[in-house]
Each structure stands twice: as structure tokens, then as C-alpha cells.
file protein-v1.cif (mmCIF, C-alpha atoms, pLDDT in the B column; chains and numbers go by the auth columns)
data_structure
loop_
_atom_site.group_PDB
_atom_site.id
_atom_site.type_symbol
_atom_site.label_atom_id
_atom_site.label_comp_id
_atom_site.label_asym_id
_atom_site.label_seq_id
_atom_site.Cartn_x
_atom_site.Cartn_y
_atom_site.Cartn_z
_atom_site.B_iso_or_equiv
_atom_site.auth_seq_id
_atom_site.auth_asym_id
ATOM 1 C CA MET A 1 0.000 0.000 0.000 62.00 1 K
ATOM 2 C CA GLU A 2 1.332 3.419 -0.907 71.00 2 K
ATOM 3 C CA THR A 3 1.363 6.049 1.802 85.00 3 K
ATOM 4 C CA MET A 4 0.032 9.578 1.423 92.00 4 K
ATOM 5 C CA THR A 5 2.233 12.617 2.005 93.00 5 K
ATOM 6 C CA LEU A 6 1.017 15.171 4.541 94.00 6 K
ATOM 7 C CA GLN A 7 2.641 18.477 5.455 95.00 7 K
ATOM 8 C CA ALA A 8 1.887 20.055 8.840 94.00 8 K
ATOM 9 C CA GLU A 9 3.039 23.021 10.875 93.00 9 K
ATOM 10 C CA VAL A 10 3.757 22.947 14.590 93.00 10 K
ATOM 11 C CA ARG A 11 1.022 24.913 16.345 87.00 11 K
ATOM 12 C CA THR A 12 2.068 27.385 19.032 82.00 12 K
ATOM 13 C CA GLU A 13 -1.363 28.630 20.131 76.00 13 K
ATOM 14 C CA SER A 14 -4.044 26.602 21.856 75.00 14 K
ATOM 15 C CA GLY A 15 -7.602 27.156 23.053 76.00 15 K
ATOM 16 C CA LYS A 16 -10.970 27.742 21.421 79.00 16 K
ATOM 17 C CA GLY A 17 -10.196 31.224 20.062 80.00 17 K
ATOM 18 C CA PRO A 18 -7.072 30.255 18.101 79.00 18 K
ATOM 19 C CA ALA A 19 -8.803 27.064 16.925 80.00 19 K
ATOM 20 C CA ARG A 20 -11.725 29.064 15.518 81.00 20 K
ATOM 21 C CA ARG A 21 -9.372 31.459 13.732 83.00 21 K
ATOM 22 C CA LEU A 22 -7.464 28.512 12.358 81.00 22 K
ATOM 23 C CA ARG A 23 -10.608 26.919 10.943 84.00 23 K
ATOM 24 C CA ALA A 24 -11.695 30.260 9.474 84.00 24 K
ATOM 25 C CA SER A 25 -8.418 30.295 7.530 89.00 25 K
ATOM 26 C CA GLY A 26 -9.135 26.861 6.035 89.00 26 K
ATOM 27 C CA LYS A 27 -6.874 24.847 8.353 91.00 27 K
ATOM 28 C CA ILE A 28 -7.685 22.682 11.378 92.00 28 K
ATOM 29 C CA PRO A 29 -5.866 21.802 14.605 93.00 29 K
ATOM 30 C CA ALA A 30 -4.366 18.355 15.052 94.00 30 K
ATOM 31 C CA VAL A 31 -1.998 16.520 17.362 96.00 31 K
ATOM 32 C CA VAL A 32 0.542 13.768 16.816 96.00 32 K
ATOM 33 C CA TYR A 33 1.773 11.376 19.496 95.00 33 K
ATOM 34 C CA GLY A 34 3.003 7.848 19.942 93.00 34 K
ATOM 35 C CA PRO A 35 6.213 5.861 20.364 89.00 35 K
ATOM 36 C CA GLY A 36 9.263 8.085 20.033 85.00 36 K
ATOM 37 C CA ILE A 37 7.247 11.301 19.631 89.00 37 K
ATOM 38 C CA ASP A 38 6.286 13.802 22.314 90.00 38 K
ATOM 39 C CA PRO A 39 2.674 14.955 21.889 94.00 39 K
ATOM 40 C CA THR A 40 2.914 17.819 19.411 95.00 40 K
ATOM 41 C CA PRO A 41 0.076 20.201 18.432 94.00 41 K
ATOM 42 C CA LEU A 42 -0.162 20.728 14.681 95.00 42 K
ATOM 43 C CA THR A 43 -1.895 22.753 12.009 93.00 43 K
ATOM 44 C CA VAL A 44 -3.004 20.760 8.944 94.00 44 K
ATOM 45 C CA ASN A 45 -4.970 21.167 5.740 93.00 45 K
ATOM 46 C CA PRO A 46 -8.207 19.148 6.111 93.00 46 K
ATOM 47 C CA THR A 47 -8.462 18.651 2.335 91.00 47 K
ATOM 48 C CA GLU A 48 -5.350 16.483 2.339 90.00 48 K
ATOM 49 C CA ILE A 49 -6.656 14.344 5.210 92.00 49 K
ATOM 50 C CA LEU A 50 -10.078 13.957 3.597 92.00 50 K
ATOM 51 C CA LYS A 51 -8.466 12.562 0.442 91.00 51 K
ATOM 52 C CA GLY A 52 -7.327 9.623 2.532 90.00 52 K
ATOM 53 C CA LEU A 53 -10.476 9.292 4.610 91.00 53 K
ATOM 54 C CA ARG A 54 -12.654 9.221 1.486 90.00 54 K
ATOM 55 C CA SER A 55 -10.518 6.622 -0.248 89.00 55 K
ATOM 56 C CA LYS A 56 -11.273 2.905 -0.035 86.00 56 K
ATOM 57 C CA ARG A 57 -8.851 2.549 2.863 88.00 57 K
ATOM 58 C CA GLY A 58 -10.558 5.234 4.922 89.00 58 K
ATOM 59 C CA ARG A 59 -8.982 5.480 8.369 91.00 59 K
ATOM 60 C CA ASN A 60 -6.526 2.713 7.449 93.00 60 K
ATOM 61 C CA VAL A 61 -4.460 5.089 5.307 93.00 61 K
ATOM 62 C CA ALA A 62 -0.873 5.619 6.452 94.00 62 K
ATOM 63 C CA TYR A 63 0.539 9.141 6.061 95.00 63 K
ATOM 64 C CA ASP A 64 4.153 10.231 5.728 95.00 64 K
ATOM 65 C CA LEU A 65 3.830 13.246 7.998 95.00 65 K
ATOM 66 C CA THR A 66 6.355 16.094 7.934 95.00 66 K
ATOM 67 C CA PHE A 67 6.260 18.654 10.767 94.00 67 K
ATOM 68 C CA GLY A 68 8.792 20.957 12.410 89.00 68 K
ATOM 69 C CA GLY A 69 11.710 19.427 10.569 90.00 69 K
ATOM 70 C CA LYS A 70 10.684 15.914 11.597 92.00 70 K
ATOM 71 C CA GLN A 71 9.093 13.016 9.751 93.00 71 K
ATOM 72 C CA ALA A 72 6.882 10.234 11.033 94.00 72 K
ATOM 73 C CA LEU A 73 4.675 7.479 9.658 95.00 73 K
ATOM 74 C CA VAL A 74 1.236 8.052 11.174 96.00 74 K
ATOM 75 C CA MET A 75 -2.356 6.856 11.027 96.00 75 K
ATOM 76 C CA VAL A 76 -5.546 8.584 12.125 95.00 76 K
ATOM 77 C CA ARG A 77 -6.313 7.609 15.714 94.00 77 K
ATOM 78 C CA ASP A 78 -9.328 9.844 16.379 95.00 78 K
ATOM 79 C CA LEU A 79 -11.484 12.441 14.647 94.00 79 K
ATOM 80 C CA GLU A 80 -13.709 15.281 15.776 92.00 80 K
ATOM 81 C CA VAL A 81 -16.494 16.147 13.341 92.00 81 K
ATOM 82 C CA ASP A 82 -19.106 18.905 13.569 88.00 82 K
ATOM 83 C CA PRO A 83 -22.436 17.152 14.297 93.00 83 K
ATOM 84 C CA VAL A 84 -24.399 19.500 12.026 92.00 84 K
ATOM 85 C CA SER A 85 -22.124 20.479 9.139 90.00 85 K
ATOM 86 C CA ARG A 86 -20.073 17.235 9.285 90.00 86 K
ATOM 87 C CA GLU A 87 -16.934 19.317 8.759 90.00 87 K
ATOM 88 C CA LEU A 88 -13.667 17.945 10.090 92.00 88 K
ATOM 89 C CA LEU A 89 -12.681 19.859 13.232 92.00 89 K
ATOM 90 C CA HIS A 90 -9.697 18.062 14.761 93.00 90 K
ATOM 91 C CA VAL A 91 -7.517 15.024 14.100 95.00 91 K
ATOM 92 C CA ASP A 92 -5.370 12.861 16.358 96.00 92 K
ATOM 93 C CA PHE A 93 -2.466 11.128 14.609 97.00 93 K
ATOM 94 C CA LEU A 94 -0.698 8.109 16.086 96.00 94 K
ATOM 95 C CA SER A 95 2.878 7.421 15.059 96.00 95 K
ATOM 96 C CA VAL A 96 3.433 3.838 13.913 95.00 96 K
ATOM 97 C CA ALA A 97 6.468 1.776 12.954 93.00 97 K
ATOM 98 C CA PRO A 98 6.533 0.356 9.393 91.00 98 K
ATOM 99 C CA GLU A 99 7.267 -3.192 10.612 91.00 99 K
ATOM 100 C CA VAL A 100 5.004 -3.283 13.704 93.00 100 K
ATOM 101 C CA PRO A 101 1.449 -4.599 13.127 95.00 101 K
ATOM 102 C CA VAL A 102 -1.490 -2.364 13.988 94.00 102 K
ATOM 103 C CA LYS A 103 -5.082 -3.455 14.497 94.00 103 K
ATOM 104 C CA VAL A 104 -7.412 -2.302 11.720 95.00 104 K
ATOM 105 C CA SER A 105 -10.875 -3.132 10.404 95.00 105 K
ATOM 106 C CA VAL A 106 -11.020 -3.891 6.684 96.00 106 K
ATOM 107 C CA PRO A 107 -14.229 -4.068 4.593 95.00 107 K
ATOM 108 C CA LEU A 108 -15.347 -7.530 3.463 96.00 108 K
ATOM 109 C CA SER A 109 -17.150 -8.077 0.164 96.00 109 K
ATOM 110 C CA THR A 110 -17.983 -10.973 -2.154 96.00 110 K
ATOM 111 C CA THR A 111 -17.721 -11.548 -5.884 96.00 111 K
ATOM 112 C CA GLY A 112 -19.399 -14.088 -8.156 96.00 112 K
ATOM 113 C CA ARG A 113 -22.724 -15.912 -7.964 95.00 113 K
ATOM 114 C CA ALA A 114 -22.505 -18.953 -5.736 95.00 114 K
ATOM 115 C CA LYS A 115 -23.391 -22.379 -7.115 94.00 115 K
ATOM 116 C CA GLY A 116 -25.704 -22.843 -4.149 93.00 116 K
ATOM 117 C CA VAL A 117 -27.515 -19.576 -4.848 93.00 117 K
ATOM 118 C CA VAL A 118 -28.188 -20.721 -8.418 93.00 118 K
ATOM 119 C CA LYS A 119 -29.860 -23.788 -6.869 90.00 119 K
ATOM 120 C CA GLY A 120 -32.048 -21.562 -4.690 90.00 120 K
ATOM 121 C CA GLY A 121 -29.863 -21.232 -1.581 92.00 121 K
ATOM 122 C CA LEU A 122 -29.208 -18.017 0.318 94.00 122 K
ATOM 123 C CA LEU A 123 -25.866 -16.213 0.599 95.00 123 K
ATOM 124 C CA ASN A 124 -25.144 -15.344 4.236 95.00 124 K
ATOM 125 C CA VAL A 125 -22.337 -12.854 4.916 95.00 125 K
ATOM 126 C CA THR A 126 -21.712 -12.882 8.662 95.00 126 K
ATOM 127 C CA LEU A 127 -19.341 -9.886 8.816 94.00 127 K
ATOM 128 C CA ARG A 128 -19.041 -6.654 6.877 94.00 128 K
ATOM 129 C CA THR A 129 -15.583 -5.823 8.239 95.00 129 K
ATOM 130 C CA VAL A 130 -12.713 -8.074 9.300 97.00 130 K
ATOM 131 C CA PRO A 131 -10.236 -7.205 12.083 97.00 131 K
ATOM 132 C CA LEU A 132 -6.627 -7.593 10.970 97.00 132 K
ATOM 133 C CA LEU A 133 -3.214 -7.205 12.533 97.00 133 K
ATOM 134 C CA SER A 134 -1.075 -5.736 9.783 95.00 134 K
ATOM 135 C CA PRO A 135 2.038 -3.624 9.247 94.00 135 K
ATOM 136 C CA PRO A 136 0.737 -0.145 8.288 93.00 136 K
ATOM 137 C CA LYS A 137 1.955 -0.317 4.692 90.00 137 K
ATOM 138 C CA LEU A 138 0.441 -3.763 4.058 92.00 138 K
ATOM 139 C CA VAL A 139 -3.150 -3.029 5.100 93.00 139 K
ATOM 140 C CA PRO A 140 -5.400 -4.136 2.187 93.00 140 K
ATOM 141 C CA GLU A 141 -8.110 -1.849 0.818 92.00 141 K
ATOM 142 C CA GLU A 142 -10.659 -4.621 1.266 94.00 142 K
ATOM 143 C CA ILE A 143 -11.013 -8.385 1.425 96.00 143 K
ATOM 144 C CA VAL A 144 -12.904 -9.844 -1.537 96.00 144 K
ATOM 145 C CA LEU A 145 -14.156 -13.427 -1.315 97.00 145 K
ATOM 146 C CA ASP A 146 -14.984 -15.338 -4.493 97.00 146 K
ATOM 147 C CA VAL A 147 -18.110 -17.360 -3.661 96.00 147 K
ATOM 148 C CA THR A 148 -18.685 -18.803 -7.148 96.00 148 K
ATOM 149 C CA GLY A 149 -17.819 -22.383 -6.178 95.00 149 K
ATOM 150 C CA LEU A 150 -19.788 -22.471 -2.910 95.00 150 K
ATOM 151 C CA ASP A 151 -22.674 -24.946 -2.768 95.00 151 K
ATOM 152 C CA VAL A 152 -25.501 -25.176 -0.248 94.00 152 K
ATOM 153 C CA GLY A 153 -24.077 -26.061 3.168 93.00 153 K
ATOM 154 C CA GLU A 154 -20.572 -24.839 2.309 95.00 154 K
ATOM 155 C CA SER A 155 -18.748 -21.841 3.773 96.00 155 K
ATOM 156 C CA ILE A 156 -15.585 -19.759 3.795 97.00 156 K
ATOM 157 C CA VAL A 157 -13.881 -19.409 7.175 97.00 157 K
ATOM 158 C CA VAL A 158 -11.007 -17.295 8.477 97.00 158 K
ATOM 159 C CA LYS A 159 -8.350 -19.937 7.760 97.00 159 K
ATOM 160 C CA ASP A 160 -9.332 -19.808 4.063 96.00 160 K
ATOM 161 C CA LEU A 161 -8.271 -16.156 3.763 96.00 161 K
ATOM 162 C CA GLN A 162 -5.303 -15.443 1.526 94.00 162 K
ATOM 163 C CA LEU A 163 -3.469 -12.563 3.212 95.00 163 K
ATOM 164 C CA ALA A 164 -0.093 -10.989 2.544 93.00 164 K
ATOM 165 C CA GLU A 165 2.850 -12.251 4.553 93.00 165 K
ATOM 166 C CA GLY A 166 2.895 -10.499 7.910 93.00 166 K
ATOM 167 C CA VAL A 167 -0.862 -9.877 7.917 96.00 167 K
ATOM 168 C CA VAL A 168 -3.072 -11.997 10.172 96.00 168 K
ATOM 169 C CA CYS A 169 -6.760 -12.021 11.003 97.00 169 K
ATOM 170 C CA ALA A 170 -7.635 -11.335 14.635 96.00 170 K
ATOM 171 C CA LEU A 171 -10.477 -13.889 14.640 97.00 171 K
ATOM 172 C CA PRO A 172 -10.550 -17.631 15.384 97.00 172 K
ATOM 173 C CA ALA A 173 -9.465 -19.749 12.416 97.00 173 K
ATOM 174 C CA ASP A 174 -12.841 -21.509 12.246 97.00 174 K
ATOM 175 C CA ARG A 175 -14.956 -18.334 12.298 97.00 175 K
ATOM 176 C CA THR A 176 -17.409 -18.385 9.390 97.00 176 K
ATOM 177 C CA LEU A 177 -17.270 -15.376 7.092 97.00 177 K
ATOM 178 C CA VAL A 178 -19.618 -16.458 4.302 97.00 178 K
ATOM 179 C CA SER A 179 -21.945 -19.443 3.943 96.00 179 K
ATOM 180 C CA ILE A 180 -24.668 -20.745 1.626 95.00 180 K
ATOM 181 C CA GLN A 181 -27.788 -21.759 3.506 93.00 181 K
ATOM 182 C CA GLU A 182 -30.894 -23.614 2.460 89.00 182 K
ATOM 183 C CA ASN A 183 -33.809 -21.364 1.562 82.00 183 K
ATOM 184 C CA ARG A 184 -36.305 -22.772 4.049 67.00 184 K
ATOM 185 C CA ARG A 185 -39.166 -20.652 2.763 62.00 185 K
ATOM 186 C CA ALA A 186 -38.591 -21.883 -0.762 54.00 186 K
ATOM 187 C CA ILE A 187 -38.381 -25.497 0.475 54.00 187 K
ATOM 188 C CA ALA A 188 -41.584 -25.106 2.514 52.00 188 K
ATOM 189 C CA ALA A 189 -43.374 -23.539 -0.467 52.00 189 K
ATOM 190 C CA ALA A 190 -42.221 -26.363 -2.747 50.00 190 K
ATOM 191 C CA GLU A 191 -43.364 -28.995 -0.231 50.00 191 K
ATOM 192 C CA ALA A 192 -46.727 -27.273 0.122 55.00 192 K
ATOM 193 C CA ALA A 193 -47.132 -27.128 -3.639 54.00 193 K
ATOM 194 C CA ALA A 194 -46.216 -30.811 -3.945 55.00 194 K
ATOM 195 C CA ALA A 195 -48.700 -31.738 -1.234 56.00 195 K
ATOM 196 C CA ALA A 196 -51.425 -29.715 -2.935 59.00 196 K
ATOM 197 C CA ALA A 197 -50.669 -31.356 -6.264 60.00 197 K
ATOM 198 C CA ALA A 198 -50.828 -34.814 -4.679 59.00 198 K
ATOM 199 C CA ALA A 199 -54.107 -34.007 -2.974 60.00 199 K
ATOM 200 C CA ALA A 200 -55.774 -32.738 -6.149 57.00 200 K
ATOM 201 C CA PRO A 201 -56.388 -36.177 -7.810 63.00 201 K
ATOM 202 C CA ALA A 202 -57.833 -37.557 -4.576 57.00 202 K
ATOM 203 C CA ALA A 203 -60.262 -34.674 -4.366 54.00 203 K
ATOM 204 C CA LYS A 204 -61.407 -35.277 -7.961 57.00 204 K
ATOM 205 C CA LYS A 205 -62.052 -38.970 -7.268 59.00 205 K
ATOM 206 C CA LYS A 206 -64.314 -38.123 -4.326 58.00 206 K
ATOM 207 C CA LYS A 207 -66.446 -36.005 -6.635 56.00 207 K
#

call {"tool": "encode", "arguments": {"input": "protein-v1.cif", "output": "C-alpha cells"}}
result
Amino acid sequence: METMTLQAEVRTESGKGPARRLRASGKIPAVVYGPGIDPTPLTVNPTEILKGLRSKRGRNVAYDLTFGGKQALVMVRDLEVDPVSRELLHVDFLSVAPEVPVKVSVPLSTTGRAKGVVKGGLLNVTLRTVPLLSPPKLVPEEIVLDVTGLDVGESIVVKDLQLAEGVVCALPADRTLVSIQENRRAIAAAEAAAAAAAAAPAAKKKK
């Protein structure tokens, strides 16, 4: 995964007044902290942060942050958003090491039409996001499961995931992610129709 470049300035003023003036100028306050970095107040351009947040990776984007003559690899730890306008008000950045796994949630999706669905079964996706432990630069945009070959009664579990080396799922190996279940309503309707069809000749004979 490529990182995004982010320039920031060290902020010398604090409090509500300076923060309001900062936002009026098109910038927002932020802070960076974490291993090897003293908590440092920053001024950043929200447009650059939103590019990452609105990408497929969302809050899983890693930024190469430059501030006060220093550089750090960071990820968004927390956000403050205006409840009415939904504008970004403040960002907390956490410094991370390139080789040290971080816990992230990655979207899960499926592709293909399952064999079991063609037969009338139902596709059951048990999770919409999957927790991973991954080095910051190896976090995938999403996990896509090909369900084409799944028949009724079959499933894909955590141990079936194909992840990059160094990336692991933080769920039990036997946790079901996707399964194809019988369509009980369709089965019941078919049985009822069969029973009605069998009963029809008997009813005619009585007449």
C-alpha cells in the first residue's frame, strides 16, 4: 500500500479562540503522538486528510507526515467532526512503525454468484468488516471473497483467507465469514405445492 504525504506546521497557540481562527483560515488543529514522539500540536490542511479518509482505505491510510523538521509514519487515531455540518474539526495522529502490526478493520465483500444460490440457496455474509493485525503499509483496501464455487451447506472461514505475509486475522481460524444456507421458505413452499398437487387427484375422485 502506498502512503500519502502530509505536510503540517507545529502549532504554538491553543484554546478555542485560536482554533476558531485557524478553521476560518481553512486549516484545522491536530496533534501527533506515539512511540518516540512527544505529543505535538499541529496545524493541517483538512483537504489532504479527507483525500485519505474518502478513499477505499478510509482510516486505514498511512501518512508520511512532515512537521517541524521531523518526519513520522502516522495513522488517524481519532477524529472530531461537527455534528451538524459534518466538517472535520480536529484530528489525532498516532505514530506507527513500518514493521510493527497495527489493528485495523477492513471491509469484506464478495464476488461471483454462488453455485448454491443458483440452486435456490441463500448467501449469508456474517461480517461486513474483518479485524486484521497488519504492518501499516500492508493493510489491504478490502477483502474480496470469491463465492462462485460455494454450494448449499458450504462456507468460507477465516483460515481460508489469503493474506499478505505479515498480515493476520484477529479472529478464530474456524470463524465463518460467508456461507450458503438452504432457503427454508422456498423449500416449505415447494413442499406445500407438492402436497397440494398430490391431494388434487384424490379430491377429484371423491367427486

call {"tool": "resolve_selection", "arguments": {"input": "protein-v1.cif", "expression": "the PyMOL selection byres ((chain K and resi 13-17) around 12)", "output": "PDB file with C-alpha atoms, keeping the file's coordinate frame"}}
result
ATOM      1  CA  GLU K   9       3.039  23.021  10.875  1.00 93.00           C
ATOM      2  CA  VAL K  10       3.757  22.947  14.590  1.00 93.00           C
ATOM      3  CA  ARG K  11       1.022  24.913  16.345  1.00 87.00           C
ATOM      4  CA  THR K  12       2.068  27.385  19.032  1.00 82.00           C
ATOM      5  CA  PRO K  18      -7.072  30.255  18.101  1.00 79.00           C
ATOM      6  CA  ALA K  19      -8.803  27.064  16.925  1.00 80.00           C
ATOM      7  CA  ARG K  20     -11.725  29.064  15.518  1.00 81.00           C
ATOM      8  CA  ARG K  21      -9.372  31.459  13.732  1.00 83.00           C
ATOM      9  CA  LEU K  22      -7.464  28.512  12.358  1.00 81.00           C
ATOM     10  CA  ARG K  23     -10.608  26.919  10.943  1.00 84.00           C
ATOM     11  CA  ALA K  24     -11.695  30.260   9.474  1.00 84.00           C
ATOM     12  CA  ILE K  28      -7.685  22.682  11.378  1.00 92.00           C
ATOM     13  CA  PRO K  29      -5.866  21.802  14.605  1.00 93.00           C
ATOM     14  CA  ALA K  30      -4.366  18.355  15.052  1.00 94.00           C
ATOM     15  CA  VAL K  31      -1.998  16.520  17.362  1.00 96.00           C
ATOM     16  CA  THR K  40       2.914  17.819  19.411  1.00 95.00           C
ATOM     17  CA  PRO K  41       0.076  20.201  18.432  1.00 94.00           C
ATOM     18  CA  LEU K  42      -0.162  20.728  14.681  1.00 95.00           C
ATOM     19  CA  THR K  43      -1.895  22.753  12.009  1.00 93.00           C
ATOM     20  CA  LEU K  89     -12.681  19.859  13.232  1.00 92.00           C
ATOM     21  CA  HIS K  90      -9.697  18.062  14.761  1.00 93.00           C
TER      22      HIS K  90
END

call {"tool": "residues_around", "arguments": {"input": "protein-v1.cif", "residues": "region 164-172 of chain K", "least_positions_apart": "5", "cutoff": "10 Å", "atoms": "all atoms listed in the file", "output": "PDB file with C-alpha atoms, in the coordinates of the input"}}
result
ATOM      1  CA  GLU K  99       7.267  -3.192  10.612  1.00 91.00           C
ATOM      2  CA  VAL K 100       5.004  -3.283  13.704  1.00 93.00           C
ATOM      3  CA  PRO K 101       1.449  -4.599  13.127  1.00 95.00           C
ATOM      4  CA  VAL K 102      -1.490  -2.364  13.988  1.00 94.00           C
ATOM      5  CA  LYS K 103      -5.082  -3.455  14.497  1.00 94.00           C
ATOM      6  CA  VAL K 104      -7.412  -2.302  11.720  1.00 95.00           C
ATOM      7  CA  SER K 105     -10.875  -3.132  10.404  1.00 95.00           C
ATOM      8  CA  VAL K 130     -12.713  -8.074   9.300  1.00 97.00           C
ATOM      9  CA  PRO K 131     -10.236  -7.205  12.083  1.00 97.00           C
ATOM     10  CA  LEU K 132      -6.627  -7.593  10.970  1.00 97.00           C
ATOM     11  CA  LEU K 133      -3.214  -7.205  12.533  1.00 97.00           C
ATOM     12  CA  SER K 134      -1.075  -5.736   9.783  1.00 95.00           C
ATOM     13  CA  PRO K 135       2.038  -3.624   9.247  1.00 94.00           C
ATOM     14  CA  PRO K 136       0.737  -0.145   8.288  1.00 93.00           C
ATOM     15  CA  LEU K 138       0.441  -3.763   4.058  1.00 92.00           C
ATOM     16  CA  VAL K 139      -3.150  -3.029   5.100  1.00 93.00           C
ATOM     17  CA  PRO K 140      -5.400  -4.136   2.187  1.00 93.00           C
ATOM     18  CA  VAL K 157     -13.881 -19.409   7.175  1.00 97.00           C
ATOM     19  CA  VAL K 158     -11.007 -17.295   8.477  1.00 97.00           C
ATOM     20  CA  LYS K 159      -8.350 -19.937   7.760  1.00 97.00           C
TER      21      LYS K 159
END

call {"tool": "closest_residue", "arguments": {"input": "protein-v1.cif", "among": "K:Gly26, K:Gly153, K:Pro39, K:Pro98", "to": "Val178 (chain K)", "atoms": "all atoms listed in the file"}}
result
K:Gly153

call {"tool": "closest_residue", "arguments": {"input": "protein-v1.cif", "among": "K:Val81, K:Val76, K:Ile180, K:Val61", "to": "Gly120 (chain K)", "atoms": "all atoms listed in the file"}}
result
K:Ile180

call {"tool": "residues_around", "arguments": {"input": "protein-v1.cif", "residues": "region 107-115 of chain K", "least_positions_apart": "5", "cutoff": "12 Å", "atoms": "only C-alpha atoms", "output": "number ranges by chain"}}
result
K: 56-60, 120-132, 139-156, 158, 161, 177-181

call {"tool": "atom_distance", "arguments": {"input": "protein-v1.cif", "atom1": "CA of Ala173 (chain K)", "atom2": "CA of Val106 (chain K)"}}
result
16.9 Å

call {"tool": "atom_distance", "arguments": {"input": "protein-v1.cif", "atom1": "CA of Gly52 (chain K)", "atom2": "CA of Leu73 (chain K)"}}
result
14.1 Å

call {"tool": "resolve_selection", "arguments": {"input": "protein-v1.cif", "expression": "the PyMOL selection byres ((chain K and resi 74) around 9)", "output": "ChimeraX atom specification"}}
result
/K:32-34,61-65,72-73,75-77,93-97,136

call {"tool": "atom_distance", "arguments": {"input": "protein-v1.cif", "atom1": "CA of Lys27 (chain K)", "atom2": "CA of Asn45 (chain K)"}}
result
4.9 Å

call {"tool": "closest_residue", "arguments": {"input": "protein-v1.cif", "among": "K:Asn183, K:Glu87, K:Gly36, K:Asp160", "to": "Lys70 (chain K)", "atoms": "all atoms listed in the file"}}
result
K:Gly36

call {"tool": "resolve_selection", "arguments": {"input": "protein-v1.cif", "expression": "the PyMOL selection byres ((chain K and resi 48) around 9)", "output": "mmCIF file with C-alpha atoms, in the frame of the given file"}}
result
data_model
loop_
_atom_site.group_PDB
_atom_site.id
_atom_site.type_symbol
_atom_site.label_atom_id
_atom_site.label_comp_id
_atom_site.auth_asym_id
_atom_site.auth_seq_id
_atom_site.Cartn_x
_atom_site.Cartn_y
_atom_site.Cartn_z
ATOM 1 C CA MET K 4 0.032 9.578 1.423
ATOM 2 C CA THR K 5 2.233 12.617 2.005
ATOM 3 C CA LEU K 6 1.017 15.171 4.541
ATOM 4 C CA GLN K 7 2.641 18.477 5.455
ATOM 5 C CA VAL K 44 -3.004 20.760 8.944
ATOM 6 C CA ASN K 45 -4.970 21.167 5.740
ATOM 7 C CA PRO K 46 -8.207 19.148 6.111
ATOM 8 C CA THR K 47 -8.462 18.651 2.335
ATOM 9 C CA ILE K 49 -6.656 14.344 5.210
ATOM 10 C CA LEU K 50 -10.078 13.957 3.597
ATOM 11 C CA LYS K 51 -8.466 12.562 0.442
ATOM 12 C CA GLY K 52 -7.327 9.623 2.532
#

call {"tool": "decode", "arguments": {"input": "protein-v1.cif", "residues": "region 14-29 of chain K", "atoms": "N, CA and C atoms", "output": "mmCIF file, in the first residue's frame"}}
result
data_model
loop_
_atom_site.group_PDB
_atom_site.id
_atom_site.type_symbol
_atom_site.label_atom_id
_atom_site.label_comp_id
_atom_site.auth_asym_id
_atom_site.auth_seq_id
_atom_site.Cartn_x
_atom_site.Cartn_y
_atom_site.Cartn_z
ATOM 1 N N SER K 14 -3.022 27.598 21.528
ATOM 2 C CA SER K 14 -4.044 26.602 21.856
ATOM 3 C C SER K 14 -5.278 27.310 22.405
ATOM 4 N N GLY K 15 -6.373 26.562 22.556
ATOM 5 C CA GLY K 15 -7.602 27.156 23.053
ATOM 6 C C GLY K 15 -8.634 27.317 21.958
ATOM 7 N N LYS K 16 -9.860 27.644 22.366
ATOM 8 C CA LYS K 16 -10.970 27.742 21.421
ATOM 9 C C LYS K 16 -10.811 28.898 20.445
ATOM 10 N N GLY K 17 -10.344 30.061 20.932
ATOM 11 C CA GLY K 17 -10.196 31.224 20.062
ATOM 12 C C GLY K 17 -9.245 30.978 18.912
ATOM 13 N N PRO K 18 -8.009 30.558 19.196
ATOM 14 C CA PRO K 18 -7.072 30.255 18.101
ATOM 15 C C PRO K 18 -7.572 29.145 17.180
ATOM 16 N N ALA K 19 -8.281 28.159 17.754
ATOM 17 C CA ALA K 19 -8.803 27.064 16.925
ATOM 18 C C ALA K 19 -9.853 27.580 15.948
ATOM 19 N N ARG K 20 -10.712 28.485 16.406
ATOM 20 C CA ARG K 20 -11.725 29.064 15.518
ATOM 21 C C ARG K 20 -11.070 29.871 14.398
ATOM 22 N N ARG K 21 -10.062 30.662 14.759
ATOM 23 C CA ARG K 21 -9.372 31.459 13.732
ATOM 24 C C ARG K 21 -8.670 30.557 12.725
ATOM 25 N N LEU K 22 -8.152 29.462 13.229
ATOM 26 C CA LEU K 22 -7.464 28.512 12.358
ATOM 27 C C LEU K 22 -8.437 27.912 11.352
ATOM 28 N N ARG K 23 -9.602 27.507 11.829
ATOM 29 C CA ARG K 23 -10.608 26.919 10.943
ATOM 30 C C ARG K 23 -11.126 27.938 9.941
ATOM 31 N N ALA K 24 -11.238 29.194 10.374
ATOM 32 C CA ALA K 24 -11.695 30.260 9.474
ATOM 33 C C ALA K 24 -10.713 30.468 8.337
ATOM 34 N N SER K 25 -9.448 30.140 8.567
ATOM 35 C CA SER K 25 -8.418 30.295 7.530
ATOM 36 C C SER K 25 -8.321 29.074 6.627
ATOM 37 N N GLY K 26 -9.147 28.062 6.880
ATOM 38 C CA GLY K 26 -9.135 26.861 6.035
ATOM 39 C C GLY K 26 -8.269 25.744 6.561
ATOM 40 N N LYS K 27 -7.688 25.891 7.727
ATOM 41 C CA LYS K 27 -6.874 24.847 8.353
ATOM 42 C C LYS K 27 -7.605 24.310 9.590
ATOM 43 N N ILE K 28 -7.105 23.219 10.142
ATOM 44 C CA ILE K 28 -7.685 22.682 11.378
ATOM 45 C C ILE K 28 -6.560 22.285 12.335
ATOM 46 N N PRO K 29 -6.862 22.266 13.640
ATOM 47 C CA PRO K 29 -5.866 21.802 14.605
ATOM 48 C C PRO K 29 -5.779 20.277 14.613
#
